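Asks: Here it is: the structure, laid out below.
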Amino acid sequence: MSSVNMLTGPYLSRIGFEGVSEPSLEVLRRIHTCHLMSVPFENLTAHSGGRVELELPLIYDKVVKRRRGGFCYEVNSLLSWLLSQLGFHVTLLSAQVKSAITGCYGPPFDHLVLLLSLEGNQWLCDVGFGARGLLSPLLLDSEEPQNQGHRWYRIRRTTEFHFLEERGQGPDGDWVEMYKFTLEPRCLGDFTEMCQYHQSSPYSLFFCKSLCTVLKPGGQIIYVGHKLITRTFPSEPNGLEESTSRDLEDQELTVILAEKFGIVLSAPLIIKDETVPPPPLTY
């Protein structure tokens, strides 16, 4: 697979990006949004007899040629390659996600995010967090709240970490920690152990649940286990999201994945929606 010819043109076509691709904040924002709307966040390889390996040609083949998605290690690392090829200055960072289920932080290298240095500022980019993730790059140099449509995020700094936080729905929502990270540069190989952990550990969300989500105009579509959730975004900055959910039958899933997410698996999906237990170690 190392002979895969990785080209920026087919990648940009895959995400529906058109026009000038020279490094600029406008281009970065457009690529980030196009990626979220074209490449699903999903972990279905591990639930259909496969194994994710952190080799860029393999990831390129999966995402660009086979039109699949992936989880953070895949989609963010591949986006990093694309942006670097286009002339952006990109650094891989290690983040630790705070689980909304257990309330615990994951270990180092739990999540892969991108730092972009552009036009005298630093930007946090992340197309691999799923349903509550950033909708566009976030300015890292400010601790002021930043809105992305109806959602509000902020960066909070301590002497040791940067924390990404999201405000709960509505103008009076509480700020909730999403993940913490440092600015120490990393390489893709640093994430290999945790990539395998998330495919094999009963303490990982990705092992316990088969899931997929993609951004759509005006909302999101989310698949988890036997449920399909449709989330509609409000038009007002402080409006509330609305969600509808329906149960899925096993025989529906192949069609749902193809029609809603553009995903065609090469092997049967093993549907999972198990409870995620608290990890034995906390961070």
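So you can find residues: chains in the structure tokens are A, B, ... in the order shown, residues in each start at 1, and ligands are numbered from 1 in order.
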Any idea what's packed within 9 Å of A:Leu138, counting only C-alpha atoms, ignoring anything in its chain fewer than 3 positions away? Could you give it as a PyMOL selection string?

Replies: chain A and resi 122-125+134-135+146+148+153-155

Asks: Write to file, as an mmCIF file, in the first residue's frame, the residues of the selection just made, with all heavy atoms.

Replies:
data_model
loop_
_atom_site.group_PDB
_atom_site.id
_atom_site.type_symbol
_atom_site.label_atom_id
_atom_site.label_comp_id
_atom_site.auth_asym_id
_atom_site.auth_seq_id
_atom_site.Cartn_x
_atom_site.Cartn_y
_atom_site.Cartn_z
ATOM 1 N N GLN A 122 -2.324 31.473 15.889
ATOM 2 C CA GLN A 122 -2.378 30.019 15.983
ATOM 3 C C GLN A 122 -3.843 29.592 16.026
ATOM 4 O O GLN A 122 -4.672 30.188 16.721
ATOM 5 C CB GLN A 122 -1.654 29.537 17.236
ATOM 6 C CG GLN A 122 -0.148 29.774 17.208
ATOM 7 C CD GLN A 122 0.541 29.232 18.442
ATOM 8 O OE1 GLN A 122 0.146 29.544 19.556
ATOM 9 N NE2 GLN A 122 1.566 28.429 18.245
ATOM 10 N N TRP A 123 -4.138 28.513 15.300
ATOM 11 C CA TRP A 123 -5.504 28.037 15.181
ATOM 12 C C TRP A 123 -5.580 26.556 15.529
ATOM 13 O O TRP A 123 -4.724 25.768 15.135
ATOM 14 C CB TRP A 123 -6.030 28.255 13.755
ATOM 15 C CG TRP A 123 -6.070 29.697 13.366
ATOM 16 C CD1 TRP A 123 -5.044 30.442 12.842
ATOM 17 C CD2 TRP A 123 -7.182 30.585 13.495
ATOM 18 N NE1 TRP A 123 -5.450 31.739 12.634
ATOM 19 C CE2 TRP A 123 -6.763 31.858 13.018
ATOM 20 C CE3 TRP A 123 -8.496 30.434 13.953
ATOM 21 C CZ2 TRP A 123 -7.612 32.954 12.996
ATOM 22 C CZ3 TRP A 123 -9.338 31.529 13.919
ATOM 23 C CH2 TRP A 123 -8.911 32.776 13.452
ATOM 24 N N LEU A 124 -6.619 26.188 16.271
ATOM 25 C CA LEU A 124 -6.889 24.786 16.582
ATOM 26 C C LEU A 124 -7.839 24.244 15.531
ATOM 27 O O LEU A 124 -8.918 24.798 15.310
ATOM 28 C CB LEU A 124 -7.515 24.664 17.969
ATOM 29 C CG LEU A 124 -7.920 23.248 18.419
ATOM 30 C CD1 LEU A 124 -6.685 22.372 18.624
ATOM 31 C CD2 LEU A 124 -8.760 23.319 19.704
ATOM 32 N N CYS A 125 -7.436 23.162 14.868
ATOM 33 C CA CYS A 125 -8.277 22.504 13.867
ATOM 34 C C CYS A 125 -8.544 21.068 14.304
ATOM 35 O O CYS A 125 -7.636 20.379 14.771
ATOM 36 C CB CYS A 125 -7.611 22.507 12.498
ATOM 37 S SG CYS A 125 -7.437 24.138 11.773
ATOM 38 N N LEU A 134 -15.631 20.930 16.854
ATOM 39 C CA LEU A 134 -15.558 22.254 16.243
ATOM 40 C C LEU A 134 -16.177 22.229 14.856
ATOM 41 O O LEU A 134 -16.022 21.257 14.104
ATOM 42 C CB LEU A 134 -14.102 22.704 16.131
ATOM 43 C CG LEU A 134 -13.308 22.885 17.430
ATOM 44 C CD1 LEU A 134 -11.854 23.260 17.098
ATOM 45 C CD2 LEU A 134 -13.941 23.943 18.326
ATOM 46 N N LEU A 135 -16.838 23.318 14.502
ATOM 47 C CA LEU A 135 -17.404 23.458 13.168
ATOM 48 C C LEU A 135 -16.430 24.154 12.223
ATOM 49 O O LEU A 135 -16.544 24.025 11.004
ATOM 50 C CB LEU A 135 -18.717 24.238 13.235
ATOM 51 C CG LEU A 135 -19.809 23.611 14.120
ATOM 52 C CD1 LEU A 135 -21.045 24.498 14.147
ATOM 53 C CD2 LEU A 135 -20.164 22.206 13.648
ATOM 54 N N GLN A 146 -15.806 32.170 21.588
ATOM 55 C CA GLN A 146 -15.877 32.306 20.136
ATOM 56 C C GLN A 146 -17.074 31.510 19.637
ATOM 57 O O GLN A 146 -17.209 30.324 19.960
ATOM 58 C CB GLN A 146 -14.593 31.775 19.490
ATOM 59 C CG GLN A 146 -13.316 32.447 19.982
ATOM 60 C CD GLN A 146 -12.059 31.818 19.430
ATOM 61 O OE1 GLN A 146 -11.920 31.654 18.214
ATOM 62 N NE2 GLN A 146 -11.129 31.465 20.306
ATOM 63 N N GLN A 148 -19.387 29.710 16.761
ATOM 64 C CA GLN A 148 -19.382 29.069 15.458
ATOM 65 C C GLN A 148 -20.833 28.719 15.160
ATOM 66 O O GLN A 148 -21.329 27.669 15.568
ATOM 67 C CB GLN A 148 -18.480 27.828 15.472
ATOM 68 C CG GLN A 148 -17.029 28.153 15.789
ATOM 69 C CD GLN A 148 -16.096 26.961 15.653
ATOM 70 O OE1 GLN A 148 -16.523 25.837 15.433
ATOM 71 N NE2 GLN A 148 -14.799 27.214 15.791
ATOM 72 N N TYR A 153 -17.494 28.229 21.852
ATOM 73 C CA TYR A 153 -16.334 27.532 22.391
ATOM 74 C C TYR A 153 -15.382 28.566 22.999
ATOM 75 O O TYR A 153 -15.446 29.759 22.690
ATOM 76 C CB TYR A 153 -15.599 26.770 21.289
ATOM 77 C CG TYR A 153 -16.429 25.723 20.580
ATOM 78 C CD1 TYR A 153 -17.118 26.028 19.406
ATOM 79 C CD2 TYR A 153 -16.517 24.424 21.075
ATOM 80 C CE1 TYR A 153 -17.869 25.074 18.743
ATOM 81 C CE2 TYR A 153 -17.265 23.473 20.410
ATOM 82 C CZ TYR A 153 -17.940 23.797 19.254
ATOM 83 O OH TYR A 153 -18.697 22.854 18.611
ATOM 84 N N ARG A 154 -14.481 28.061 23.831
ATOM 85 C CA ARG A 154 -13.414 28.926 24.331
ATOM 86 C C ARG A 154 -12.209 28.067 24.687
ATOM 87 O O ARG A 154 -12.328 26.851 24.928
ATOM 88 C CB ARG A 154 -13.860 29.733 25.549
ATOM 89 C CG ARG A 154 -14.035 28.924 26.826
ATOM 90 C CD ARG A 154 -14.499 29.801 27.991
ATOM 91 N NE ARG A 154 -14.636 29.016 29.222
ATOM 92 C CZ ARG A 154 -15.181 29.489 30.344
ATOM 93 N NH1 ARG A 154 -15.627 30.724 30.387
ATOM 94 N NH2 ARG A 154 -15.242 28.720 31.423
ATOM 95 N N ILE A 155 -11.055 28.711 24.721
ATOM 96 C CA ILE A 155 -9.814 28.095 25.180
ATOM 97 C C ILE A 155 -9.509 28.644 26.569
ATOM 98 O O ILE A 155 -9.494 29.860 26.780
ATOM 99 C CB ILE A 155 -8.642 28.415 24.229
ATOM 100 C CG1 ILE A 155 -8.892 27.841 22.833
ATOM 101 C CG2 ILE A 155 -7.332 27.888 24.809
ATOM 102 C CD1 ILE A 155 -8.890 26.324 22.771
#

Asks: Within 12 Å of A:Gly49, counting only C-alpha atoms, which residues qualify if same-chain residues fewer than 3 places away don't, as a count of residues only?

Replies: 13

Asks: Mind checking which residues fall within 6 Å of stretch 66-74 of chain A, counting only C-alpha atoms, ignoring those fewer than 6 positions away in the same chain, and posting them as a list of chain:residue names?

Replies: A:Val39, A:Pro40, A:Phe41, A:Glu42, A:Asn43, A:Leu112, A:Gly128, A:Ile263

Asks: Which value, in Å to one decimal, gives the distance between atom CA of A:Leu253 and atom CA of A:Leu56?

Replies: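 Computed distance, atom CA of A:Leu253 to atom CA of A:Leu56, equals 28.5 Å.
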
Asks: Just want the 7 Å neighbourhood of A:Tyr105, counted on only C-alpha atoms, with same-chain residues fewer than 2 positions away dropped. Output as a CSV table (one decimal) with C-alpha atoms, in the first residue's frame.

Replies:
chain,number,residue,atom,x,y,z
A,96,GLN,CA,-6.9,14.0,26.3
A,97,VAL,CA,-10.7,13.8,26.0
A,98,LYS,CA,-13.0,14.2,29.0
A,99,SER,CA,-15.6,11.6,28.7
A,103,GLY,CA,-16.4,12.1,33.5
A,107,PRO,CA,-4.5,9.2,28.8
A,282,THR,CA,-7.8,8.4,35.6
A,283,TYR,CA,-5.8,11.4,34.4

Asks: For stretch 221-234 of chain A, list every protein, DNA or RNA residue within 9 Å, evaluated using only C-alpha atoms, and leave out those in the same chain fewer than 2 positions away; present the list as an MDAnalysis selection string.

Replies: chainID A and resid 130:131 149:150 209:219 236:250 253 256:257 260:261 271:274

Asks: Which residue is closest to A:His162? Choose from A:Ser94, A:Phe206, A:Thr102, A:Arg186 and count only C-alpha atoms.

Replies: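 Nearest candidate to A:His162 out of A:Ser94, A:Phe206, A:Thr102, A:Arg186: A:Ser94.
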
Asks: If you count only C-alpha atoms, which residues fall within 10 Å of A:Leu79, apart from same-chain ones fewer than 6 positions away, as a PyMOL selection string?

Replies: chain A and resi 11+31-32+35+60+85+90+114+125-128

Asks: Write a file of the just-selected residues containing N, CA, C and O atoms, as a PDB file, in the first residue's frame.

Replies:
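Written out: selection-v3.pdb:
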ATOM      1  N   TYR A  11      -8.090  14.487  -3.336  1.00  0.00           N
ATOM      2  CA  TYR A  11      -8.513  14.722  -1.948  1.00  0.00           C
ATOM      3  C   TYR A  11      -9.452  15.931  -1.884  1.00  0.00           C
ATOM      4  O   TYR A  11     -10.528  15.883  -1.269  1.00  0.00           O
ATOM      5  N   ILE A  31     -11.860  24.530   3.854  1.00  0.00           N
ATOM      6  CA  ILE A  31     -11.428  23.129   3.843  1.00  0.00           C
ATOM      7  C   ILE A  31     -11.954  22.409   5.076  1.00  0.00           C
ATOM      8  O   ILE A  31     -12.444  21.270   4.998  1.00  0.00           O
ATOM      9  N   HIS A  32     -11.877  23.056   6.228  1.00  0.00           N
ATOM     10  CA  HIS A  32     -12.341  22.460   7.489  1.00  0.00           C
ATOM     11  C   HIS A  32     -13.828  22.112   7.389  1.00  0.00           C
ATOM     12  O   HIS A  32     -14.253  20.985   7.735  1.00  0.00           O
ATOM     13  N   HIS A  35     -14.552  19.311   4.825  1.00  0.00           N
ATOM     14  CA  HIS A  35     -14.145  18.013   5.351  1.00  0.00           C
ATOM     15  C   HIS A  35     -15.239  17.440   6.250  1.00  0.00           C
ATOM     16  O   HIS A  35     -15.622  16.267   6.125  1.00  0.00           O
ATOM     17  N   TYR A  60      -5.205   7.422   3.236  1.00  0.00           N
ATOM     18  CA  TYR A  60      -5.586   8.092   1.999  1.00  0.00           C
ATOM     19  C   TYR A  60      -6.445   7.171   1.136  1.00  0.00           C
ATOM     20  O   TYR A  60      -7.485   7.575   0.597  1.00  0.00           O
ATOM     21  N   GLN A  85       0.763  19.940   2.309  1.00  0.00           N
ATOM     22  CA  GLN A  85       1.009  19.937   0.873  1.00  0.00           C
ATOM     23  C   GLN A  85       0.579  21.247   0.221  1.00  0.00           C
ATOM     24  O   GLN A  85       1.164  21.673  -0.783  1.00  0.00           O
ATOM     25  N   VAL A  90       1.666  23.126   9.803  1.00  0.00           N
ATOM     26  CA  VAL A  90       0.800  22.292  10.642  1.00  0.00           C
ATOM     27  C   VAL A  90       1.631  21.523  11.659  1.00  0.00           C
ATOM     28  O   VAL A  90       2.687  20.986  11.331  1.00  0.00           O
ATOM     29  N   LEU A 114      -4.881  19.362  15.537  1.00  0.00           N
ATOM     30  CA  LEU A 114      -3.929  20.088  14.710  1.00  0.00           C
ATOM     31  C   LEU A 114      -3.775  21.528  15.168  1.00  0.00           C
ATOM     32  O   LEU A 114      -4.762  22.192  15.507  1.00  0.00           O
ATOM     33  N   CYS A 125      -7.436  23.162  14.868  1.00  0.00           N
ATOM     34  CA  CYS A 125      -8.277  22.504  13.867  1.00  0.00           C
ATOM     35  C   CYS A 125      -8.544  21.068  14.304  1.00  0.00           C
ATOM     36  O   CYS A 125      -7.636  20.379  14.771  1.00  0.00           O
ATOM     37  N   ASP A 126      -9.784  20.618  14.106  1.00  0.00           N
ATOM     38  CA  ASP A 126     -10.154  19.276  14.549  1.00  0.00           C
ATOM     39  C   ASP A 126     -11.388  18.830  13.779  1.00  0.00           C
ATOM     40  O   ASP A 126     -12.499  19.277  14.052  1.00  0.00           O
ATOM     41  N   VAL A 127     -11.191  17.941  12.805  1.00  0.00           N
ATOM     42  CA  VAL A 127     -12.317  17.373  12.059  1.00  0.00           C
ATOM     43  C   VAL A 127     -12.601  15.946  12.516  1.00  0.00           C
ATOM     44  O   VAL A 127     -13.319  15.207  11.854  1.00  0.00           O
ATOM     45  N   GLY A 128     -12.032  15.572  13.681  1.00  0.00           N
ATOM     46  CA  GLY A 128     -12.146  14.195  14.141  1.00  0.00           C
ATOM     47  C   GLY A 128     -12.646  14.051  15.556  1.00  0.00           C
ATOM     48  O   GLY A 128     -12.194  13.161  16.284  1.00  0.00           O
TER      49      GLY A 128
END

Asks: Would you mind reading off the distance between atom CA of A:Phe17 and atom CA of A:Leu82, one decimal, in Å?

Replies: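 Atom-to-atom, atom CA of A:Phe17 and atom CA of A:Leu82 are spaced 12.2 Å apart.
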
Asks: Assign secondary structure with DSSP using the backbone only, and return the residues of stretch 11-105 of chain A in strand (DSSP E) as a PyMOL selection string.

Replies: chain A and resi 41-42+89-97

Asks: Could those selected residues go to a file with N, CA, C and O atoms, as an mmCIF file, in the first residue's frame?

Replies:
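Heads up, here's the output in result-v9.cif:
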data_model
loop_
_atom_site.group_PDB
_atom_site.id
_atom_site.type_symbol
_atom_site.label_atom_id
_atom_site.label_comp_id
_atom_site.auth_asym_id
_atom_site.auth_seq_id
_atom_site.Cartn_x
_atom_site.Cartn_y
_atom_site.Cartn_z
ATOM 1 N N PHE A 41 -17.081 11.078 10.539
ATOM 2 C CA PHE A 41 -16.343 10.615 11.714
ATOM 3 C C PHE A 41 -16.924 9.252 12.054
ATOM 4 O O PHE A 41 -18.112 9.137 12.363
ATOM 5 N N GLU A 42 -16.103 8.202 11.978
ATOM 6 C CA GLU A 42 -16.648 6.848 12.173
ATOM 7 C C GLU A 42 -15.564 5.871 12.613
ATOM 8 O O GLU A 42 -14.373 6.080 12.357
ATOM 9 N N HIS A 89 1.447 25.657 7.634
ATOM 10 C CA HIS A 89 2.357 25.180 8.672
ATOM 11 C C HIS A 89 1.523 24.462 9.728
ATOM 12 O O HIS A 89 0.742 25.092 10.443
ATOM 13 N N VAL A 90 1.666 23.126 9.803
ATOM 14 C CA VAL A 90 0.800 22.292 10.642
ATOM 15 C C VAL A 90 1.631 21.523 11.659
ATOM 16 O O VAL A 90 2.687 20.986 11.331
ATOM 17 N N THR A 91 1.126 21.442 12.888
ATOM 18 C CA THR A 91 1.766 20.661 13.947
ATOM 19 C C THR A 91 0.731 19.717 14.551
ATOM 20 O O THR A 91 -0.395 20.125 14.848
ATOM 21 N N LEU A 92 1.110 18.446 14.717
ATOM 22 C CA LEU A 92 0.241 17.490 15.399
ATOM 23 C C LEU A 92 0.369 17.676 16.907
ATOM 24 O O LEU A 92 1.473 17.825 17.427
ATOM 25 N N LEU A 93 -0.775 17.656 17.600
ATOM 26 C CA LEU A 93 -0.792 17.773 19.056
ATOM 27 C C LEU A 93 -1.528 16.592 19.675
ATOM 28 O O LEU A 93 -2.444 16.034 19.077
ATOM 29 N N SER A 94 -1.149 16.258 20.897
ATOM 30 C CA SER A 94 -1.819 15.220 21.676
ATOM 31 C C SER A 94 -2.830 15.861 22.615
ATOM 32 O O SER A 94 -2.515 16.815 23.324
ATOM 33 N N ALA A 95 -4.049 15.312 22.621
ATOM 34 C CA ALA A 95 -5.097 15.804 23.516
ATOM 35 C C ALA A 95 -5.666 14.641 24.328
ATOM 36 O O ALA A 95 -5.546 13.476 23.945
ATOM 37 N N GLN A 96 -6.282 14.994 25.453
ATOM 38 C CA GLN A 96 -6.919 14.013 26.334
ATOM 39 C C GLN A 96 -8.382 14.409 26.495
ATOM 40 O O GLN A 96 -8.704 15.469 27.021
ATOM 41 N N VAL A 97 -9.268 13.540 26.021
ATOM 42 C CA VAL A 97 -10.692 13.840 25.998
ATOM 43 C C VAL A 97 -11.316 13.571 27.367
ATOM 44 O O VAL A 97 -11.026 12.554 28.015
#

Asks: Looking at A:Met6, A:Val176, A:Leu118, A:Leu36, which one is nearest to A:Val64, with distances taken over only C-alpha atoms?

Replies: A:Met6

Asks: Tell me which of A:Met194, A:Ser136, A:Arg51, A:Gly262 sits closest to A:Arg14, counting only C-alpha atoms.

Replies: A:Gly262

Asks: Mind giving me the straight-line distance from atom CA of A:Asn147 to atom CA of A:Lys180 in Å, one decimal?

Replies: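 These two atoms are separated by 19.3 Å.
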
Asks: Apply DSSP to the structure's backbone, then extract all residues of stretch 151-278 of chain A labelled helix (DSSP H, G or I) and return them as a VMD selection string.

Replies: chain A and resid 188 to 200 205 to 208 250 to 261

Asks: Go through A:Val20, A:Ile15, A:Leu58, A:Val63 one by one, measure the shortest atom-to-atom distance of each to A:Val264 using only C-alpha atoms, and give the residue with the smallest value.

Replies: A:Val63
